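The structure file model19.txt is reproduced below (compact mmCIF, C-alpha atoms).
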```txt
# COMPACT_ATOMS: atom_id res chain seq x y z
CA MET A 1 106.76 149.72 74.93
CA THR A 2 103.04 149.63 74.26
CA GLU A 3 102.97 147.05 71.45
CA GLU A 4 101.60 143.67 72.42
CA LYS A 5 104.09 140.88 72.93
CA LYS A 6 104.45 138.14 70.38
CA ARG A 7 103.21 134.75 71.39
CA THR A 8 104.42 131.16 71.13
CA THR A 9 102.30 128.15 71.97
CA ILE A 10 103.39 124.54 72.11
CA VAL A 11 101.21 121.48 72.55
CA LEU A 12 103.27 118.83 74.30
CA PHE A 13 101.49 115.58 73.52
CA SER A 14 104.51 113.32 73.70
CA GLY A 15 105.79 111.74 76.89
CA ASP A 16 109.24 111.14 75.46
CA TYR A 17 112.18 112.75 77.23
CA ASP A 18 113.85 113.89 74.02
CA LYS A 19 110.71 115.38 72.49
CA ALA A 20 109.86 117.15 75.73
CA MET A 21 113.41 118.54 75.76
CA ALA A 22 112.86 119.97 72.28
CA ALA A 23 109.57 121.53 73.41
CA TYR A 24 111.14 123.11 76.48
CA ILE A 25 114.20 124.37 74.60
CA ILE A 26 111.94 126.13 72.10
CA ALA A 27 109.81 127.49 74.95
CA ASN A 28 112.87 128.89 76.73
CA GLY A 29 114.19 130.35 73.49
CA ALA A 30 110.85 131.99 72.77
CA ALA A 31 110.76 133.44 76.27
CA ALA A 32 114.20 134.91 75.60
CA TYR A 33 112.66 136.45 72.47
CA ASP A 34 110.29 138.12 74.88
CA HIS A 35 107.31 136.13 73.65
CA GLU A 36 104.47 135.14 75.89
CA VAL A 37 104.85 131.38 75.93
CA THR A 38 102.33 128.67 76.69
CA ILE A 39 102.99 124.94 76.84
CA PHE A 40 99.77 122.96 76.79
CA HIS A 41 100.40 119.48 78.18
CA THR A 42 98.03 116.78 77.06
CA PHE A 43 98.06 112.95 77.08
CA TRP A 44 101.56 111.60 77.73
CA GLY A 45 103.01 115.09 77.92
CA LEU A 46 101.26 115.43 81.29
CA ASN A 47 103.84 113.07 82.77
CA ALA A 48 106.45 115.83 82.49
CA LEU A 49 104.43 117.67 85.14
CA ARG A 50 104.07 114.81 87.61
CA LYS A 51 105.68 115.10 91.01
CA ASP A 52 108.39 112.49 91.37
CA GLU A 53 107.09 111.23 94.70
CA LEU A 54 104.08 108.97 95.16
CA VAL A 55 101.09 111.08 96.12
CA PRO A 56 98.36 109.13 97.90
CA VAL A 57 95.09 109.97 96.18
CA LYS A 58 91.87 108.04 95.90
CA LYS A 59 91.34 106.49 92.48
CA GLY A 60 89.86 103.53 90.68
CA PHE A 61 91.72 100.39 89.69
CA LEU A 62 92.31 101.36 86.05
CA GLU A 63 93.52 104.82 87.03
CA GLN A 64 95.87 103.27 89.57
CA MET A 65 97.31 100.98 86.89
CA PHE A 66 97.81 103.95 84.55
CA GLY A 67 99.54 105.81 87.34
CA LYS A 68 101.91 102.92 87.95
CA MET A 69 102.75 102.38 84.29
CA MET A 70 103.46 105.98 83.41
CA PRO A 71 106.70 107.77 84.33
CA ARG A 72 106.45 109.76 87.54
CA GLY A 73 107.99 113.07 86.54
CA ALA A 74 110.18 114.48 83.78
CA ASP A 75 113.34 112.77 84.97
CA LYS A 76 111.81 109.31 84.58
CA MET A 77 110.60 109.68 81.01
CA GLY A 78 111.99 107.43 78.27
CA LEU A 79 113.52 108.25 74.90
CA SER A 80 111.58 108.08 71.62
CA LYS A 81 114.53 106.23 70.04
CA MET A 82 117.20 104.03 71.58
CA ASN A 83 115.51 103.82 74.97
CA PHE A 84 117.08 100.36 75.59
CA ALA A 85 114.83 99.67 78.59
CA GLY A 86 116.03 102.74 80.43
CA MET A 87 119.73 102.66 79.49
CA GLY A 88 119.16 105.28 76.77
CA PRO A 89 118.05 108.04 79.15
CA LYS A 90 121.06 107.32 81.39
CA MET A 91 123.38 107.77 78.39
CA ILE A 92 121.61 110.92 77.22
CA LYS A 93 121.85 112.48 80.69
CA HIS A 94 125.55 111.66 80.72
CA VAL A 95 126.18 113.41 77.39
CA ILE A 96 123.98 116.33 78.42
CA LYS A 97 126.26 116.90 81.41
CA LYS A 98 129.36 116.40 79.27
CA HIS A 99 128.27 119.09 76.82
CA ASN A 100 127.04 121.51 79.50
CA ALA A 101 123.53 121.33 78.12
CA MET A 102 120.45 121.20 80.32
CA THR A 103 118.49 118.20 81.50
CA LEU A 104 114.72 118.19 81.11
CA PRO A 105 114.02 119.03 84.79
CA GLU A 106 116.47 121.94 84.52
CA LEU A 107 114.76 123.15 81.34
CA ILE A 108 111.39 123.01 83.07
CA ASP A 109 112.73 125.02 86.02
CA MET A 110 114.18 127.60 83.63
CA ALA A 111 110.86 127.84 81.80
CA LYS A 112 109.05 128.52 85.09
CA GLU A 113 111.63 131.12 85.98
CA GLN A 114 110.99 132.82 82.63
CA ASP A 115 107.24 132.83 83.32
CA VAL A 116 106.35 130.31 80.64
CA LYS A 117 102.71 129.40 81.22
CA LEU A 118 102.43 125.67 81.88
CA VAL A 119 98.97 124.30 81.25
CA ALA A 120 97.61 120.83 82.05
CA CYS A 121 94.73 119.54 79.95
CA THR A 122 91.99 118.55 82.37
CA MET A 123 90.18 116.18 80.03
CA THR A 124 93.25 113.99 79.50
CA MET A 125 94.08 114.24 83.20
CA ASP A 126 90.75 112.49 83.78
CA LEU A 127 91.45 109.88 81.11
CA LEU A 128 94.85 109.04 82.56
CA GLY A 129 93.58 109.29 86.12
CA LEU A 130 95.94 112.09 87.10
CA GLN A 131 94.82 114.46 89.82
CA GLN A 132 95.99 117.98 90.57
CA GLU A 133 97.70 116.82 93.78
CA GLU A 134 99.97 114.58 91.68
CA LEU A 135 101.17 117.40 89.46
CA VAL A 136 103.73 120.08 90.31
CA HIS A 137 102.63 123.48 91.61
CA GLY A 138 102.14 126.59 89.54
CA LEU A 139 100.11 125.09 86.69
CA ASP A 140 97.06 126.35 84.88
CA TYR A 141 94.26 123.87 84.28
CA ALA A 142 92.38 124.26 81.03
CA GLY A 143 90.95 122.71 77.89
CA VAL A 144 91.00 123.16 74.15
CA ALA A 145 89.27 126.54 74.13
CA ALA A 146 91.85 128.11 76.41
CA TYR A 147 94.60 126.69 74.23
CA LEU A 148 92.98 128.06 71.08
CA GLY A 149 92.55 131.42 72.77
CA ASP A 150 96.32 131.58 73.09
CA ALA A 151 97.07 129.88 69.77
CA GLU A 152 94.94 132.14 67.60
CA LYS A 153 97.12 135.02 68.71
CA GLY A 154 100.21 132.87 68.33
CA ASN A 155 103.08 133.73 66.02
CA VAL A 156 104.60 130.29 66.56
CA ASN A 157 102.36 127.30 67.29
CA LEU A 158 103.84 123.82 67.56
CA PHE A 159 102.58 120.33 68.24
CA ILE A 160 105.18 117.98 69.68
CA MET B 1 134.12 150.82 72.27
CA LYS B 2 132.91 151.08 75.81
CA ILE B 3 131.65 147.77 77.14
CA ASP B 4 129.11 148.18 79.90
CA LEU B 5 128.62 144.54 80.81
CA VAL B 6 130.33 141.24 79.94
CA LEU B 7 128.48 137.95 79.85
CA ASP B 8 130.71 134.90 79.89
CA ALA B 9 128.67 132.08 78.35
CA LYS B 10 131.69 129.99 77.32
CA GLY B 11 131.07 126.25 77.48
CA LEU B 12 127.32 126.61 77.76
CA ALA B 13 124.99 124.96 75.28
CA CYS B 14 121.76 126.05 73.62
CA PRO B 15 119.45 127.53 74.91
CA ILE B 16 121.45 128.88 77.87
CA PRO B 17 123.47 131.60 76.06
CA ILE B 18 120.38 133.21 74.57
CA VAL B 19 118.44 133.09 77.84
CA LYS B 20 121.38 134.57 79.76
CA THR B 21 121.86 137.24 77.10
CA LYS B 22 118.24 138.28 77.45
CA LYS B 23 118.57 138.48 81.23
CA ALA B 24 121.85 140.41 81.01
CA ILE B 25 120.57 143.01 78.58
CA GLU B 26 117.64 143.76 80.88
CA ASN B 27 120.18 145.26 83.29
CA LEU B 28 121.38 147.80 80.73
CA GLU B 29 120.06 151.15 79.58
CA SER B 30 119.25 151.81 75.94
CA GLY B 31 122.48 152.51 74.03
CA GLN B 32 124.72 150.59 76.43
CA VAL B 33 126.78 147.68 75.12
CA LEU B 34 126.77 144.07 76.27
CA GLU B 35 129.66 141.80 75.37
CA VAL B 36 128.79 138.11 75.11
CA LEU B 37 131.46 135.40 74.99
CA SER B 38 130.36 132.01 73.71
CA THR B 39 131.85 128.78 72.44
CA ASP B 40 128.56 127.43 71.09
CA LYS B 41 128.89 127.14 67.30
CA GLY B 42 125.21 127.94 66.84
CA ALA B 43 125.54 131.20 68.75
CA LYS B 44 126.54 133.20 65.65
CA SER B 45 123.21 132.52 63.96
CA ASP B 46 121.29 132.56 67.23
CA LEU B 47 122.45 135.89 68.55
CA THR B 48 122.32 137.54 65.12
CA ALA B 49 118.68 136.52 64.71
CA TRP B 50 117.86 137.39 68.30
CA THR B 51 119.32 140.91 68.17
CA GLN B 52 117.47 141.65 64.92
CA SER B 53 114.18 140.40 66.23
CA THR B 54 114.31 142.02 69.66
CA GLY B 55 115.32 145.49 68.50
CA HIS B 56 118.95 145.48 69.61
CA THR B 57 121.99 145.94 67.35
CA LEU B 58 124.92 143.63 66.87
CA VAL B 59 127.61 146.30 66.57
CA ASP B 60 130.63 144.04 66.50
CA TYR B 61 131.42 140.38 66.07
CA ALA B 62 134.76 138.61 66.27
CA GLU B 63 136.23 135.15 66.76
CA GLU B 64 139.34 134.62 68.81
CA ASN B 65 140.78 131.19 69.52
CA GLY B 66 137.41 129.51 69.10
CA ILE B 67 135.63 132.04 71.28
CA LEU B 68 132.84 133.99 69.64
CA ILE B 69 132.66 137.57 70.83
CA PHE B 70 129.47 139.56 70.32
CA ARG B 71 128.95 143.19 71.15
CA ILE B 72 125.29 144.05 71.34
CA GLN B 73 123.98 147.55 71.78
CA LYS B 74 120.70 147.69 73.59
CA GLY B 75 117.87 149.14 71.48
```
Can you dump the structure from the file as structure tokens?
Amino acid sequence: MTEEKKRTTIVLFSGDYDKAMAAYIIANGAAAYDHEVTIFHTFWGLNALRKDELVPVKKGFLEQMFGKMMPRGADKMGLSKMNFAGMGPKMIKHVIKKHNAMTLPELIDMAKEQDVKLVACTMTMDLLGLQQEELVHGLDYAGVAAYLGDAEKGNVNLFI
Amino acid sequence: MKIDLVLDAKGLACPIPIVKTKKAIENLESGQVLEVLSTDKGAKSDLTAWTQSTGHTLVDYAEENGILIFRIQKG
């Protein structure tokens, strides 16, 4: 087939577990539609890409505080509703298992396997004090122009 | 109808059936038929839309004891 593939882009701004799940489900679906898929992670959405272990990196006091207060990795993110100080995510993960659905870390793995392009916004990485060493491997690092380059060719563009 | 490949996606929730269907159909030649079994109630709409959009054909659809059976011919 010579025709160019269709394209889906998603901006993941939210750091909520449930919203990130929605983003990654759509991304995986779009990849199954044989789209070229990009998820552009900015602000709190970057936390979905954090490694779950503590990575010793040099940073200033404010950046250290940010790092401590934000969830370290997709599995530690909270819910946008009914978080109940961390009980909500436990319940959600329980029902996910019960219904044979996929957890957020599983959805992220599946997206990587389907060659979804995962992009981290470098400007907001600076704001939140996140460094490349703290994020998972296999990411692209880019800014708004790279996103728009993908989005202007996009058939589906979402902001979550 | 000759079935070339069967994908058992029973018990699996969205988006797994559609992702597995895509992977399964990649193993077939054009004209061969993939049978997909699913218990996901959204699968009827999902797989119908997916086959239309990706150039395959849903040649047969049936429901038996709560199991949705799709036969998709690769385009």
* To do: Within 9 Å of chain A, which residues of chain B are there when counting all atoms listed in the file? Please give them as a ChimeraX atom specification.
  => /B:11-16,18-23,50,53-54
So that I have them on file, write out the residues from the current selection with C-alpha atoms, as a compact mmCIF listing (two decimals), keeping the file's coordinate frame.
```txt
# COMPACT_ATOMS: atom_id res chain seq x y z
CA GLY B 11 131.07 126.25 77.48
CA LEU B 12 127.32 126.61 77.76
CA ALA B 13 124.99 124.96 75.28
CA CYS B 14 121.76 126.05 73.62
CA PRO B 15 119.45 127.53 74.91
CA ILE B 16 121.45 128.88 77.87
CA ILE B 18 120.38 133.21 74.57
CA VAL B 19 118.44 133.09 77.84
CA LYS B 20 121.38 134.57 79.76
CA THR B 21 121.86 137.24 77.10
CA LYS B 22 118.24 138.28 77.45
CA LYS B 23 118.57 138.48 81.23
CA TRP B 50 117.86 137.39 68.30
CA SER B 53 114.18 140.40 66.23
CA THR B 54 114.31 142.02 69.66
```
* To do: Pull the neighbourhood of (99.0, 127.5, 69.0) for me: all residues within 12 Å in file coordinates, counting all atoms listed in the file, as number ranges by chain.
  => A: 7-12, 36-40, 144-160
* Two-atom distance - atom CA of Glu35 of chain B, atom CA of Ala111 of chain A (Å) ->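 Pair atom CA of Glu35 of chain B / atom CA of Ala111 of chain A returns 24.3 Å.
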* Residues within 10 Å of (135.3, 143.5, 74.6), counting all atoms listed in the file, listed as a list in words ->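 Answer for this query, in the requested form: Met1, Lys2, Ile3, Asp4, Leu5, Val6, Val33, Leu34, Glu35, Val36, Leu37, Asp60, Tyr61, Ala62, Ile69, Phe70 and Arg71 of chain B.
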Selected residues written out with C-alpha atoms, as a JSON list (two decimals), in the coordinates of the input:
```
[["chain", "number", "residue", "atom", "x", "y", "z"],
["B", 1, "MET", "CA", 134.12, 150.82, 72.27],
["B", 2, "LYS", "CA", 132.91, 151.08, 75.81],
["B", 3, "ILE", "CA", 131.65, 147.77, 77.14],
["B", 4, "ASP", "CA", 129.11, 148.18, 79.90],
["B", 5, "LEU", "CA", 128.62, 144.54, 80.81],
["B", 6, "VAL", "CA", 130.33, 141.24, 79.94],
["B", 33, "VAL", "CA", 126.78, 147.68, 75.12],
["B", 34, "LEU", "CA", 126.77, 144.07, 76.27],
["B", 35, "GLU", "CA", 129.66, 141.80, 75.37],
["B", 36, "VAL", "CA", 128.79, 138.11, 75.11],
["B", 37, "LEU", "CA", 131.46, 135.40, 74.99],
["B", 60, "ASP", "CA", 130.63, 144.04, 66.50],
["B", 61, "TYR", "CA", 131.42, 140.38, 66.07],
["B", 62, "ALA", "CA", 134.76, 138.61, 66.27],
["B", 69, "ILE", "CA", 132.66, 137.57, 70.83],
["B", 70, "PHE", "CA", 129.47, 139.56, 70.32],
["B", 71, "ARG", "CA", 128.95, 143.19, 71.15]]
```
* Structure fact -> In Å and to one decimal, atom CA of Pro17 of chain B is distant from atom CA of Met82 of chain A by 28.6 Å
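One distance worth recording is that between atom CA of Asp46 of chain B and atom CA of Leu68 of chain B, which is 11.9 Å.
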* For Met77 of chain A, work out the shell of residues within 8 Å, counting only C-alpha atoms and skipping chain neighbours fewer than 2 positions away, then give it as an NGL selection string. => :A and (15-17 or 47-48 or 71-75 or 79 or 89)
* If you count all atoms listed in the file, which residues fall within 12 Å of Val57 of chain A, apart from same-chain ones fewer than 4 positions away, as a ChimeraX atom specification? -> /A:63-64,67,129-135
Grab the residues selected above and save them as a PDB file, in the coordinates of the input with C-alpha atoms.
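Result written to again16.pdb:
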```pdb
ATOM      1  CA  GLU A  63      93.520 104.820  87.030  1.00  0.00           C
ATOM      2  CA  GLN A  64      95.870 103.270  89.570  1.00  0.00           C
ATOM      3  CA  GLY A  67      99.540 105.810  87.340  1.00  0.00           C
ATOM      4  CA  GLY A 129      93.580 109.290  86.120  1.00  0.00           C
ATOM      5  CA  LEU A 130      95.940 112.090  87.100  1.00  0.00           C
ATOM      6  CA  GLN A 131      94.820 114.460  89.820  1.00  0.00           C
ATOM      7  CA  GLN A 132      95.990 117.980  90.570  1.00  0.00           C
ATOM      8  CA  GLU A 133      97.700 116.820  93.780  1.00  0.00           C
ATOM      9  CA  GLU A 134      99.970 114.580  91.680  1.00  0.00           C
ATOM     10  CA  LEU A 135     101.170 117.400  89.460  1.00  0.00           C
TER      11      LEU A 135
END
```
Around all of segment 67-84 of chain A's listed atoms, make the axis-aligned box with 4 Å on each side and tell me centre and edge lengths in Å to one decimal, as AutoDock Vina command-line options.
```
--center_x 108.4 --center_y 107.4 --center_z 79.0 --size_x 25.7 --size_y 22.1 --size_z 25.9
```
* Which one of B:Leu7, B:Ala49, B:Ala24, B:Leu58 sits closest to Gly75 of chain B if you count all atoms listed in the file? ->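 Using all atoms listed in the file, the shortest distance to Gly75 of chain B belongs to B:Leu58.
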* Could you pull the residues within 8 Å of Thr103 of chain A, counting only C-alpha atoms, minus those fewer than 5 positions along the same chain, as a list in words? ->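 Listed by chain and then number, they are Met21, Lys93, Ile96 and Lys97 of chain A.
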* Which is closest to His137 of chain A among A:Asp109, A:Met123, A:Met69, A:Phe43, if we use all atoms listed in the file? -> A:Asp109
